[in-house]
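Below is query_33.cif, which holds mmCIF, C-alpha atoms and all ligand atoms.
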data_my_file
loop_
_atom_site.group_PDB
_atom_site.id
_atom_site.type_symbol
_atom_site.label_atom_id
_atom_site.label_comp_id
_atom_site.auth_asym_id
_atom_site.auth_seq_id
_atom_site.Cartn_x
_atom_site.Cartn_y
_atom_site.Cartn_z
ATOM 1 C CA MET T 1 19.024 26.858 2.653
ATOM 2 C CA LYS T 2 19.423 24.251 5.405
ATOM 3 C CA LYS T 3 17.689 20.994 4.573
ATOM 4 C CA MET T 4 15.002 19.724 6.952
ATOM 5 C CA LYS T 5 15.635 16.897 9.375
ATOM 6 C CA ILE T 6 13.440 13.919 8.501
ATOM 7 C CA GLY T 7 12.565 11.159 10.977
ATOM 8 C CA ILE T 8 11.197 7.840 9.791
ATOM 9 C CA ILE T 9 9.292 5.752 12.309
ATOM 10 C CA GLY T 10 9.345 2.224 10.935
ATOM 11 C CA GLY T 11 12.516 3.206 9.065
ATOM 12 C CA THR T 12 14.011 -0.260 9.575
ATOM 13 C CA GLY T 13 11.257 -1.865 7.455
ATOM 14 C CA GLY T 14 10.878 -2.173 3.691
ATOM 15 C CA MET T 15 9.182 1.108 2.770
ATOM 16 C CA GLY T 16 10.698 3.111 5.624
ATOM 17 C CA ARG T 17 14.200 2.109 4.518
ATOM 18 C CA TRP T 18 13.331 2.976 0.927
ATOM 19 C CA PHE T 19 12.253 6.514 1.857
ATOM 20 C CA ALA T 20 15.234 6.907 4.205
ATOM 21 C CA ARG T 21 17.593 6.132 1.311
ATOM 22 C CA PHE T 22 15.616 8.422 -0.986
ATOM 23 C CA PHE T 23 15.852 11.439 1.323
ATOM 24 C CA GLN T 24 19.480 10.652 2.198
ATOM 25 C CA SER T 25 20.352 10.623 -1.496
ATOM 26 C CA GLU T 26 19.025 14.193 -1.563
ATOM 27 C CA GLU T 27 21.285 15.016 1.373
ATOM 28 C CA TYR T 28 18.585 15.386 3.975
ATOM 29 C CA GLU T 29 19.548 14.424 7.496
ATOM 30 C CA VAL T 30 17.474 11.300 8.163
ATOM 31 C CA LEU T 31 16.843 9.653 11.535
ATOM 32 C CA VAL T 32 15.528 6.129 11.335
ATOM 33 C CA SER T 33 13.882 4.100 14.046
ATOM 34 C CA GLY T 34 12.386 0.662 14.543
ATOM 35 C CA ARG T 35 10.949 -0.705 17.749
ATOM 36 C CA HIS T 36 14.354 -1.769 19.032
ATOM 37 C CA SER T 37 16.780 0.439 17.140
ATOM 38 C CA GLY T 38 17.498 4.104 16.487
ATOM 39 C CA PRO T 39 16.151 7.002 18.528
ATOM 40 C CA ASN T 40 12.867 6.283 20.276
ATOM 41 C CA PHE T 41 9.678 7.387 18.515
ATOM 42 C CA SER T 42 9.122 10.332 20.893
ATOM 43 C CA GLU T 43 12.598 11.685 20.246
ATOM 44 C CA ILE T 44 11.930 11.564 16.493
ATOM 45 C CA ALA T 45 8.593 13.348 16.949
ATOM 46 C CA ARG T 46 10.097 16.122 19.074
ATOM 47 C CA SER T 47 13.233 16.747 17.062
ATOM 48 C CA CYS T 48 12.385 16.369 13.353
ATOM 49 C CA GLU T 49 10.799 18.911 11.035
ATOM 50 C CA VAL T 50 9.289 16.064 9.015
ATOM 51 C CA VAL T 51 8.081 12.801 10.546
ATOM 52 C CA VAL T 52 7.141 9.872 8.323
ATOM 53 C CA ILE T 53 5.314 6.840 9.717
ATOM 54 C CA GLY T 54 5.928 3.544 7.904
ATOM 55 C CA VAL T 55 4.817 0.918 10.402
ATOM 56 C CA PRO T 56 2.426 -2.010 9.737
ATOM 57 C CA ILE T 57 -1.165 -0.957 9.008
ATOM 58 C CA ALA T 58 -2.566 -2.372 12.244
ATOM 59 C CA ALA T 59 -0.010 -0.429 14.344
ATOM 60 C CA THR T 60 -0.288 2.901 12.495
ATOM 61 C CA VAL T 61 -3.125 4.632 14.357
ATOM 62 C CA GLU T 62 -1.675 3.617 17.726
ATOM 63 C CA VAL T 63 1.722 5.060 16.788
ATOM 64 C CA ILE T 64 0.066 8.285 15.548
ATOM 65 C CA GLU T 65 -1.857 8.543 18.809
ATOM 66 C CA CYS T 66 1.400 8.269 20.793
ATOM 67 C CA ILE T 67 3.628 10.594 18.819
ATOM 68 C CA GLY T 68 1.122 12.988 17.192
ATOM 69 C CA PRO T 69 0.786 15.296 20.221
ATOM 70 C CA LEU T 70 4.591 15.623 20.488
ATOM 71 C CA LEU T 71 5.081 17.277 17.090
ATOM 72 C CA PRO T 72 5.259 21.077 17.007
ATOM 73 C CA GLU T 73 2.708 22.888 14.845
ATOM 74 C CA SER T 74 5.457 23.825 12.417
ATOM 75 C CA ALA T 75 6.347 20.184 11.691
ATOM 76 C CA LEU T 76 5.007 17.960 8.916
ATOM 77 C CA LEU T 77 3.515 14.554 9.743
ATOM 78 C CA MET T 78 3.109 12.006 6.929
ATOM 79 C CA ASP T 79 2.404 8.282 6.732
ATOM 80 C CA LEU T 80 3.042 5.643 4.080
ATOM 81 C CA THR T 81 0.119 3.387 4.937
ATOM 82 C CA SER T 82 -1.648 1.466 2.155
ATOM 83 C CA LEU T 83 -4.998 2.635 3.566
ATOM 84 C CA LYS T 84 -5.637 6.320 4.090
ATOM 85 C CA GLU T 85 -8.913 7.045 5.904
ATOM 86 C CA GLY T 86 -7.923 5.852 9.388
ATOM 87 C CA PRO T 87 -4.345 7.173 9.438
ATOM 88 C CA VAL T 88 -5.200 10.628 8.014
ATOM 89 C CA LYS T 89 -8.124 11.033 10.414
ATOM 90 C CA ALA T 90 -5.831 10.058 13.302
ATOM 91 C CA MET T 91 -3.028 12.418 12.200
ATOM 92 C CA LEU T 92 -5.523 15.319 12.100
ATOM 93 C CA LYS T 93 -6.979 14.351 15.450
ATOM 94 C CA PHE T 94 -3.822 13.686 17.451
ATOM 95 C CA SER T 95 -1.504 16.314 16.024
ATOM 96 C CA SER T 96 -1.622 20.006 15.243
ATOM 97 C CA ALA T 97 1.195 19.678 12.709
ATOM 98 C CA GLU T 98 0.909 19.887 8.939
ATOM 99 C CA VAL T 99 -0.620 16.565 7.772
ATOM 100 C CA VAL T 100 -0.255 14.737 4.467
ATOM 101 C CA GLY T 101 -1.136 11.100 3.854
ATOM 102 C CA LEU T 102 1.018 9.293 1.295
ATOM 103 C CA HIS T 103 0.585 5.929 -0.353
ATOM 104 C CA PRO T 104 3.474 4.925 -2.585
ATOM 105 C CA LEU T 105 1.963 2.646 -5.231
ATOM 106 C CA PHE T 106 5.109 0.551 -5.396
ATOM 107 C CA GLY T 107 7.110 -1.728 -3.144
ATOM 108 C CA PRO T 108 10.576 -1.425 -1.621
ATOM 109 C CA ARG T 109 12.222 -3.245 -4.533
ATOM 110 C CA VAL T 110 11.885 -0.396 -7.035
ATOM 111 C CA LYS T 111 15.150 1.331 -7.850
ATOM 112 C CA SER T 112 13.895 4.885 -8.303
ATOM 113 C CA LEU T 113 10.755 7.006 -8.261
ATOM 114 C CA THR T 114 10.834 7.544 -11.993
ATOM 115 C CA GLY T 115 7.482 6.625 -13.499
ATOM 116 C CA HIS T 116 6.088 5.324 -10.202
ATOM 117 C CA SER T 117 2.981 6.717 -8.553
ATOM 118 C CA ILE T 118 2.413 8.179 -5.122
ATOM 119 C CA VAL T 119 -1.075 8.968 -3.879
ATOM 120 C CA ILE T 120 -1.088 12.187 -1.895
ATOM 121 C CA CYS T 121 -3.845 13.135 0.527
ATOM 122 C CA PRO T 122 -3.132 16.710 1.621
ATOM 123 C CA ALA T 123 -5.123 17.171 4.809
ATOM 124 C CA ARG T 124 -3.572 20.169 6.548
ATOM 125 C CA VAL T 125 -0.938 21.679 4.290
ATOM 126 C CA LYS T 126 1.207 24.689 5.129
ATOM 127 C CA SER T 127 4.730 25.396 3.918
ATOM 128 C CA THR T 128 6.727 22.232 4.695
ATOM 129 C CA PHE T 129 5.094 19.812 2.253
ATOM 130 C CA PRO T 130 5.439 21.836 -1.005
ATOM 131 C CA PRO T 131 9.249 21.351 -1.278
ATOM 132 C CA ILE T 132 8.795 17.612 -0.714
ATOM 133 C CA ARG T 133 6.158 17.516 -3.425
ATOM 134 C CA THR T 134 8.611 19.324 -5.715
ATOM 135 C CA LEU T 135 11.263 16.745 -4.837
ATOM 136 C CA PHE T 136 8.955 13.864 -5.822
ATOM 137 C CA LEU T 137 8.248 15.626 -9.115
ATOM 138 C CA LYS T 138 11.954 16.227 -9.700
ATOM 139 C CA HIS T 139 12.370 12.433 -9.516
ATOM 140 C CA GLN T 140 9.574 12.043 -12.066
ATOM 141 C CA ALA T 141 7.039 10.447 -9.773
ATOM 142 C CA ARG T 142 3.392 10.479 -10.867
ATOM 143 C CA LEU T 143 1.462 12.216 -8.116
ATOM 144 C CA ILE T 144 -2.223 11.455 -7.645
ATOM 145 C CA GLU T 145 -3.877 13.946 -5.360
ATOM 146 C CA THR T 146 -7.111 12.789 -3.756
ATOM 147 C CA THR T 147 -9.059 12.389 -0.529
ATOM 148 C CA PRO T 148 -8.431 9.492 1.862
ATOM 149 C CA GLU T 149 -11.994 8.295 1.244
ATOM 150 C CA HIS T 150 -11.596 8.132 -2.533
ATOM 151 C CA HIS T 151 -8.172 6.519 -2.181
ATOM 152 C CA ASP T 152 -9.601 3.699 -0.054
ATOM 153 C CA GLU T 153 -12.503 3.252 -2.452
ATOM 154 C CA MET T 154 -10.071 2.785 -5.364
ATOM 155 C CA MET T 155 -7.767 0.564 -3.304
ATOM 156 C CA ALA T 156 -10.664 -1.749 -2.501
ATOM 157 C CA PHE T 157 -10.323 -2.798 -6.163
ATOM 158 C CA VAL T 158 -6.620 -2.234 -6.870
ATOM 159 C CA GLN T 159 -5.461 -4.025 -3.733
ATOM 160 C CA GLY T 160 -8.471 -5.554 -1.955
ATOM 161 C CA LEU T 161 -10.070 -7.406 -4.867
ATOM 162 C CA ASN T 162 -6.747 -8.070 -6.543
ATOM 163 C CA HIS T 163 -5.048 -9.583 -3.485
ATOM 164 C CA LEU T 164 -8.209 -11.428 -2.503
ATOM 165 C CA ASN T 165 -8.168 -13.040 -5.928
ATOM 166 C CA SER T 166 -4.512 -14.045 -5.532
ATOM 167 C CA ILE T 167 -5.083 -15.396 -2.028
ATOM 168 C CA LEU T 168 -7.998 -17.476 -3.299
ATOM 169 C CA LEU T 169 -5.788 -18.841 -6.069
ATOM 170 C CA GLY T 170 -3.178 -19.826 -3.458
ATOM 171 C CA LEU T 171 -5.748 -21.330 -1.089
ATOM 172 C CA THR T 172 -7.286 -23.335 -3.913
ATOM 173 C CA LEU T 173 -3.879 -24.638 -5.025
ATOM 174 C CA GLY T 174 -3.037 -25.553 -1.424
ATOM 175 C CA GLN T 175 -6.366 -27.274 -0.913
ATOM 176 C CA SER T 176 -6.081 -29.268 -4.148
ATOM 177 C CA GLY T 177 -2.980 -31.099 -2.988
ATOM 178 C CA VAL T 178 -1.414 -30.673 -6.455
ATOM 179 C CA ASP T 179 2.367 -31.173 -6.608
ATOM 180 C CA LEU T 180 3.613 -27.588 -7.091
ATOM 181 C CA GLU T 181 7.037 -28.652 -8.319
ATOM 182 C CA GLU T 182 5.407 -30.670 -11.077
ATOM 183 C CA LEU T 183 2.899 -27.873 -11.772
ATOM 184 C CA LYS T 184 5.761 -25.420 -12.349
ATOM 185 C CA GLN T 185 7.043 -27.633 -15.177
ATOM 186 C CA PHE T 186 3.731 -27.076 -16.944
ATOM 187 C CA ALA T 187 3.488 -23.350 -16.217
ATOM 188 C CA THR T 188 2.769 -20.800 -18.946
ATOM 189 C CA PRO T 189 4.407 -17.342 -18.680
ATOM 190 C CA ILE T 190 1.240 -15.866 -17.147
ATOM 191 C CA PHE T 191 0.965 -18.674 -14.614
ATOM 192 C CA LYS T 192 4.646 -18.210 -13.690
ATOM 193 C CA THR T 193 3.925 -14.516 -13.016
ATOM 194 C CA LYS T 194 0.983 -15.543 -10.829
ATOM 195 C CA LEU T 195 3.124 -18.015 -8.898
ATOM 196 C CA ASP T 196 5.643 -15.209 -8.248
ATOM 197 C CA ILE T 197 2.834 -13.101 -6.813
ATOM 198 C CA LEU T 198 1.725 -16.002 -4.609
ATOM 199 C CA LYS T 199 5.306 -16.384 -3.358
ATOM 200 C CA LYS T 200 5.251 -12.760 -2.188
ATOM 201 C CA ILE T 201 1.960 -13.253 -0.371
ATOM 202 C CA PHE T 202 2.330 -16.750 1.034
ATOM 203 C CA SER T 203 5.987 -16.831 1.982
ATOM 204 C CA ARG T 204 6.989 -13.230 2.660
ATOM 205 C CA ASN T 205 4.524 -10.556 3.634
ATOM 206 C CA SER T 206 1.227 -12.222 4.494
ATOM 207 C CA ARG T 207 0.477 -9.672 7.233
ATOM 208 C CA LEU T 208 0.571 -6.707 4.824
ATOM 209 C CA TYR T 209 -1.893 -8.393 2.454
ATOM 210 C CA ALA T 210 -4.166 -9.517 5.281
ATOM 211 C CA GLU T 211 -4.277 -5.989 6.720
ATOM 212 C CA ILE T 212 -4.830 -4.323 3.336
ATOM 213 C CA ILE T 213 -7.913 -6.487 2.865
ATOM 214 C CA THR T 214 -9.362 -6.427 6.353
ATOM 215 C CA GLY T 215 -8.652 -2.726 6.962
ATOM 216 C CA ASN T 216 -10.606 -1.491 3.936
ATOM 217 C CA ARG T 217 -14.221 -0.718 4.823
ATOM 218 C CA HIS T 218 -15.373 -1.316 1.221
ATOM 219 C CA ILE T 219 -14.218 -4.926 1.233
ATOM 220 C CA SER T 220 -17.548 -6.497 2.290
ATOM 221 C CA GLN T 221 -19.213 -5.052 -0.797
ATOM 222 C CA ILE T 222 -16.363 -6.337 -2.985
ATOM 223 C CA LEU T 223 -16.648 -9.783 -1.394
ATOM 224 C CA SER T 224 -20.390 -9.885 -2.058
ATOM 225 C CA GLY T 225 -19.808 -8.987 -5.727
ATOM 226 C CA TYR T 226 -17.067 -11.616 -5.934
ATOM 227 C CA ALA T 227 -19.267 -14.328 -4.431
ATOM 228 C CA LYS T 228 -22.186 -13.345 -6.707
ATOM 229 C CA SER T 229 -20.001 -13.474 -9.831
ATOM 230 C CA LEU T 230 -18.542 -16.838 -8.788
ATOM 231 C CA THR T 231 -22.008 -18.337 -8.234
ATOM 232 C CA GLU T 232 -23.318 -16.973 -11.555
ATOM 233 C CA LEU T 233 -20.254 -18.157 -13.437
ATOM 234 C CA ARG T 234 -20.406 -21.566 -11.808
ATOM 235 C CA GLU T 235 -23.990 -22.004 -12.944
ATOM 236 C CA VAL T 236 -23.021 -21.542 -16.596
ATOM 237 C CA ILE T 237 -19.733 -23.461 -16.323
ATOM 238 C CA ASP T 238 -21.598 -26.425 -14.814
ATOM 239 C CA LEU T 239 -23.724 -26.517 -17.987
ATOM 240 C CA ARG T 240 -20.472 -27.142 -19.907
ATOM 241 C CA ASP T 241 -21.736 -24.622 -22.443
ATOM 242 C CA GLY T 242 -18.866 -22.494 -23.778
ATOM 243 C CA GLU T 243 -21.232 -20.180 -25.626
ATOM 244 C CA LYS T 244 -23.103 -19.312 -22.421
ATOM 245 C CA VAL T 245 -19.828 -18.640 -20.571
ATOM 246 C CA LYS T 246 -18.660 -16.447 -23.475
ATOM 247 C CA LYS T 247 -21.954 -14.516 -23.362
ATOM 248 C CA ARG T 248 -21.520 -13.991 -19.610
ATOM 249 C CA ILE T 249 -18.032 -12.562 -20.224
ATOM 250 C CA ASP T 250 -19.130 -10.405 -23.170
ATOM 251 C CA LYS T 251 -22.197 -9.093 -21.289
ATOM 252 C CA THR T 252 -19.894 -7.450 -18.750
ATOM 253 C CA ASN T 253 -18.578 -5.188 -21.490
ATOM 254 C CA LEU T 254 -15.427 -4.146 -19.592
ATOM 255 C CA ALA T 255 -14.129 -1.062 -21.388
ATOM 256 C CA LEU T 256 -10.428 -1.877 -20.940
HETATM 257 N N1 LIG V 301 5.714 -3.165 1.389
HETATM 258 C C1 LIG V 301 5.023 -2.557 0.445
HETATM 259 O O1 LIG V 301 5.014 -2.985 -0.714
HETATM 260 C C2 LIG V 301 4.257 -1.286 0.761
HETATM 261 C C3 LIG V 301 3.910 -0.428 -0.299
HETATM 262 C C4 LIG V 301 3.238 0.771 -0.019
HETATM 263 C C5 LIG V 301 2.920 1.084 1.289
HETATM 264 N N2 LIG V 301 3.255 0.233 2.292
HETATM 265 C C6 LIG V 301 2.902 0.617 3.664
HETATM 266 O O2 LIG V 301 4.108 0.899 4.362
HETATM 267 C C7 LIG V 301 3.957 0.545 5.737
HETATM 268 C C8 LIG V 301 5.099 -0.350 6.139
HETATM 269 O O3 LIG V 301 5.075 -1.504 5.352
HETATM 270 P P1 LIG V 301 6.419 -2.361 5.139
HETATM 271 O O4 LIG V 301 6.100 -3.407 4.134
HETATM 272 O O5 LIG V 301 7.582 -1.456 4.922
HETATM 273 O O6 LIG V 301 6.511 -3.055 6.586
HETATM 274 P P2 LIG V 301 7.736 -3.775 7.280
HETATM 275 O O7 LIG V 301 8.818 -4.078 6.307
HETATM 276 O O8 LIG V 301 7.161 -4.894 8.071
HETATM 277 O O9 LIG V 301 8.307 -2.669 8.290
HETATM 278 C C9 LIG V 301 7.557 -2.250 9.370
HETATM 279 C C10 LIG V 301 8.325 -1.249 10.193
HETATM 280 O O10 LIG V 301 7.537 -0.903 11.333
HETATM 281 C C11 LIG V 301 8.185 -1.337 12.544
HETATM 282 N N3 LIG V 301 7.172 -2.012 13.345
HETATM 283 C C12 LIG V 301 6.720 -3.288 13.237
HETATM 284 N N4 LIG V 301 5.724 -3.513 14.114
HETATM 285 C C13 LIG V 301 5.541 -2.357 14.783
HETATM 286 C C14 LIG V 301 4.675 -1.963 15.829
HETATM 287 N N5 LIG V 301 3.771 -2.806 16.340
HETATM 288 N N6 LIG V 301 4.770 -0.699 16.295
HETATM 289 C C15 LIG V 301 5.670 0.158 15.783
HETATM 290 N N7 LIG V 301 6.540 -0.158 14.795
HETATM 291 C C16 LIG V 301 6.466 -1.399 14.302
HETATM 292 C C17 LIG V 301 9.308 -2.287 12.112
HETATM 293 O O11 LIG V 301 10.396 -2.083 12.977
HETATM 294 P P3 LIG V 301 11.196 -3.233 13.731
HETATM 295 O O12 LIG V 301 10.676 -4.549 13.227
HETATM 296 O O13 LIG V 301 12.622 -2.948 13.392
HETATM 297 O O14 LIG V 301 10.881 -2.969 15.124
HETATM 298 C C18 LIG V 301 9.661 -1.763 10.722
HETATM 299 O O15 LIG V 301 10.545 -0.659 10.819
HETATM 300 C C19 LIG V 301 2.591 -0.135 5.884
HETATM 301 O O16 LIG V 301 1.693 0.782 6.424
HETATM 302 C C20 LIG V 301 2.204 -0.476 4.466
HETATM 303 O O17 LIG V 301 0.797 -0.429 4.271
HETATM 304 C C21 LIG V 301 3.927 -0.944 2.076
#
Show me this structure written as structure tokens.
Amino acid sequence: MKKMKIGIIGGTGGMGRWFARFFQSEEYEVLVSGRHSGPNFSEIARSCEVVVIGVPIAATVEVIECIGPLLPESALLMDLTSLKEGPVKAMLKFSSAEVVGLHPLFGPRVKSLTGHSIVICPARVKSTFPPIRTLFLKHQARLIETTPEHHDEMMAFVQGLNHLNSILLGLTLGQSGVDLEELKQFATPIFKTKLDILKKIFSRNSRLYAEIITGNRHISQILSGYAKSLTELREVIDLRDGEKVKKRIDKTNLAL
């Protein structure tokens, strides 16, 4: 059986390149485009049986709006965006193709799919997605099937709260004026891991983290909870009473 032609819009970026290599390794014909290289986005949309969008979060809906109407009904449109509500809604609205939202829960540095998770939001599934699903399973990916709404709710914690916490750590370090080179000499293994995370956020991909936080509609609620916890914790820390701080931690009863 002839393999489908797959076009990746945003295929010159981290995740787009990763998926291009993945499909190429399975001998699919893959067309890759960035803003200034490869076929233009319209050409990809008109000529490929599968179109994958892997552009920055803030540009995703606009790209879907432009290329969505160009896909034939028989094609499959997917995106790799870290948020799912907006992109999936837009794919359904602007295209009559098969629509599946994907969120790979890993970054472009992973070597293979084995053991890694992909969230799948099947929105309008016909016959083109099932073989791709089978391919992910063949590579031992963990597939989590859910709705875009539930995905974004979970990501408000997994990414929103988590990255917010890291950004606040970085901002606080920056604000303190501490000598980071000296601080590294004193670092414990856990602190070293945290500094590596900060390096990713503060010196490489700040836009991705900023958009993951600001694009999630649950983030205000998370922020309120964060601020409330910080105020409550501060009150007991200011008392310099370890027992009270311990009680505050124990009271939360996190079933980890
Ligand atoms: N990086 C991760 O760890 C990760 C993990 C899971 C999901 N994701 C999701 O994957 C998507 C891409 O992230 P990434 O980290 O791979 O981004 P990236 O490395 O910055 O790549 C972005 C791609 O989109 C193109 N692009 C940039 N601005 C654009 C615009 N305004 N309009 C159209 N195309 C544009 C770039 O092409 P040129 O610059 O060549 O023009 C490039 O091909 C995002 O939606 C993100 O949420 C990322």
Centre, edges in Å (one decimal): axis-aligned box, ligand LIG 301 (chain V), 8 Å padding on all six sides, as AutoDock Vina command-line options:
--center_x 6.7 --center_y -1.9 --center_z 7.8 --size_x 27.8 --size_y 22.0 --size_z 33.1
Could you give me the residues within 7 Å of ligand LIG 301 (chain V), counting all atoms listed in the file, as a VMD selection string? chain T and resid 9 to 16 33 to 37 54 to 57 59 to 60 63 80 to 83 103 to 108 208 212
State, in Å with one decimal place, the distance from CA of Ile237 (chain T) to CA of Leu223 (chain T).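 Spanning CA of Ile237 (chain T) to CA of Leu223 (chain T) is a straight-line distance of 20.5 Å.
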For Leu76 (chain T), which of T:Val236, T:Ile44, T:Ala255, T:Val125 is the closest residue, counting only C-alpha atoms? T:Val125
State, in Å with one decimal place, the distance from CA of Ile64 (chain T) to CA of Ser95 (chain T).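 According to the coordinates, CA of Ile64 (chain T) and CA of Ser95 (chain T) are separated by 8.2 Å.
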Compile the contact shell of Ser74 (chain T) as a PyMOL selection string: residues with an atom at most 12 Å away, counting only C-alpha atoms, same-chain residues fewer than 3 positions apart removed. chain T and resi 4+45-51+70-71+77+95-99+124-129
Residues around (3.9, -17.4, -6.2), cut-off 10 Å, counting all atoms listed in the file - what are they as a tab-separated table (two decimals) with C-alpha atoms, in the frame of the given file?
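Written file, out-v6.tsv:
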chain	number	residue	atom	x	y	z
T	166	SER	CA	-4.51	-14.04	-5.53
T	169	LEU	CA	-5.79	-18.84	-6.07
T	170	GLY	CA	-3.18	-19.83	-3.46
T	191	PHE	CA	0.96	-18.67	-14.61
T	192	LYS	CA	4.65	-18.21	-13.69
T	193	THR	CA	3.92	-14.52	-13.02
T	194	LYS	CA	0.98	-15.54	-10.83
T	195	LEU	CA	3.12	-18.02	-8.90
T	196	ASP	CA	5.64	-15.21	-8.25
T	197	ILE	CA	2.83	-13.10	-6.81
T	198	LEU	CA	1.72	-16.00	-4.61
T	199	LYS	CA	5.31	-16.38	-3.36
T	200	LYS	CA	5.25	-12.76	-2.19
T	201	ILE	CA	1.96	-13.25	-0.37
T	202	PHE	CA	2.33	-16.75	1.03
T	203	SER	CA	5.99	-16.83	1.98
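By all atoms listed in the file, and with residues fewer than 3 positions from Ile118 (chain T) along its chain excluded, the set lying at most 12 Å from it is Asp79, Leu80, Thr81, Ser82, Val100, Gly101, Leu102, His103, Pro104, Leu105, Phe106, Gly107, Leu113, Thr114, Gly115, Cys121, Arg133, Phe136, Leu137, His139, Gln140, Ala141, Arg142, Leu143, Ile144, Glu145, Thr146 and His151 of chain T.
Here CA of Glu43 (chain T) stands at a distance of 16.6 Å from CA of Glu62 (chain T).
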Out of T:Leu31, T:Leu161, T:Leu254, T:Leu183, which residue has the shortest atom-to-atom distance to Ala227 (chain T) when counting only C-alpha atoms?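 Once distances to Ala227 (chain T) are computed over only C-alpha atoms, the minimum belongs to T:Leu161.
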Proximity to Asn205 (chain T) - best of T:Phe41, T:His163, T:Phe94, T:Phe22, all atoms listed in the file: T:His163
All residues 10 Å or closer to region 245-252 of chain T, all atoms listed in the file, same chain fewer than 4 positions away omitted, as a short mmCIF file (atom, residue, chain, number, x, y, z; two decimals) with C-alpha atoms, in the frame of the given file:
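Output file selection.cif is given in full below:
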data_model
loop_
_atom_site.label_atom_id
_atom_site.label_comp_id
_atom_site.auth_asym_id
_atom_site.auth_seq_id
_atom_site.Cartn_x
_atom_site.Cartn_y
_atom_site.Cartn_z
CA SER T 229 -20.00 -13.47 -9.83
CA GLU T 232 -23.32 -16.97 -11.56
CA LEU T 233 -20.25 -18.16 -13.44
CA ARG T 234 -20.41 -21.57 -11.81
CA GLU T 235 -23.99 -22.00 -12.94
CA VAL T 236 -23.02 -21.54 -16.60
CA ILE T 237 -19.73 -23.46 -16.32
CA ASP T 238 -21.60 -26.42 -14.81
CA LEU T 239 -23.72 -26.52 -17.99
CA ARG T 240 -20.47 -27.14 -19.91
CA ASP T 241 -21.74 -24.62 -22.44
#
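Closest approach to Glu211 (chain T) among T:Gly242, T:Gly225, T:Gly160, T:Gly38: T:Gly160, based on all atoms listed in the file.
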I would like the residues chosen by the PyMOL selection byres (((chain T and resi 26-30) around 7) and not hetatm) on the shown file; could you give them as a ChimeraX atom specification? /T:3-7,20,22-25,31-32
Assuming the chain letters and numbering stay as they are in my file, what does the PyMOL selection byres (((chain T and resi 85) around 8) and not hetatm) actually select? List them as a PDB file with C-alpha atoms, keeping the file's coordinate frame.
ATOM      1  CA  LEU T  83      -4.998   2.635   3.566  1.00  0.00           C
ATOM      2  CA  LYS T  84      -5.637   6.320   4.090  1.00  0.00           C
ATOM      3  CA  GLY T  86      -7.923   5.852   9.388  1.00  0.00           C
ATOM      4  CA  PRO T  87      -4.345   7.173   9.438  1.00  0.00           C
ATOM      5  CA  VAL T  88      -5.200  10.628   8.014  1.00  0.00           C
ATOM      6  CA  LYS T  89      -8.124  11.033  10.414  1.00  0.00           C
ATOM      7  CA  PRO T 148      -8.431   9.492   1.862  1.00  0.00           C
ATOM      8  CA  GLU T 149     -11.994   8.295   1.244  1.00  0.00           C
ATOM      9  CA  ASP T 152      -9.601   3.699  -0.054  1.00  0.00           C
TER      10      ASP T 152
END
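Restricting the calculation to all atoms listed in the file, the smallest distance between Phe157 (chain T) and any of T:Leu173, T:Tyr226, T:Pro130, T:Ala123 is found for T:Tyr226.
Residue nearest Asn216 (chain T), chosen from T:Met154, T:Leu168, T:Thr231, T:Gln185 and counting only C-alpha atoms: T:Met154.
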For region 24-52 of chain T of the structure just presented, write C-alpha atoms to a file, as a compact mmCIF listing (two decimals), in the first residue's frame.
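Ended up saving to decode-v8.txt:
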# COMPACT_ATOMS: atom_id res chain seq x y z
CA GLN T 24 10.68 9.75 7.34
CA SER T 25 12.17 6.88 9.33
CA GLU T 26 8.95 5.02 8.54
CA GLU T 27 9.45 5.83 4.87
CA TYR T 28 6.63 8.31 4.53
CA GLU T 29 7.17 11.08 2.03
CA VAL T 30 7.46 14.20 4.20
CA LEU T 31 7.28 17.82 3.04
CA VAL T 32 8.57 20.33 5.53
CA SER T 33 8.03 24.05 5.59
CA GLY T 34 8.98 27.06 7.68
CA ARG T 35 8.07 30.64 6.97
CA HIS T 36 10.98 31.11 4.59
CA SER T 37 11.81 27.60 3.45
CA GLY T 38 10.17 24.59 1.82
CA PRO T 39 6.88 24.64 -0.07
CA ASN T 40 4.51 27.39 1.00
CA PHE T 41 1.84 26.50 3.56
CA SER T 42 -0.97 26.50 0.96
CA GLU T 43 0.90 24.05 -1.25
CA ILE T 44 1.32 21.70 1.72
CA ALA T 45 -2.39 21.99 2.57
CA ARG T 46 -3.50 21.25 -1.00
CA SER T 47 -1.12 18.41 -1.76
CA CYS T 48 -0.68 16.31 1.41
CA GLU T 49 -2.95 13.59 2.75
CA VAL T 50 -1.82 14.46 6.28
CA VAL T 51 -0.99 17.99 7.43
CA VAL T 52 0.66 18.57 10.79
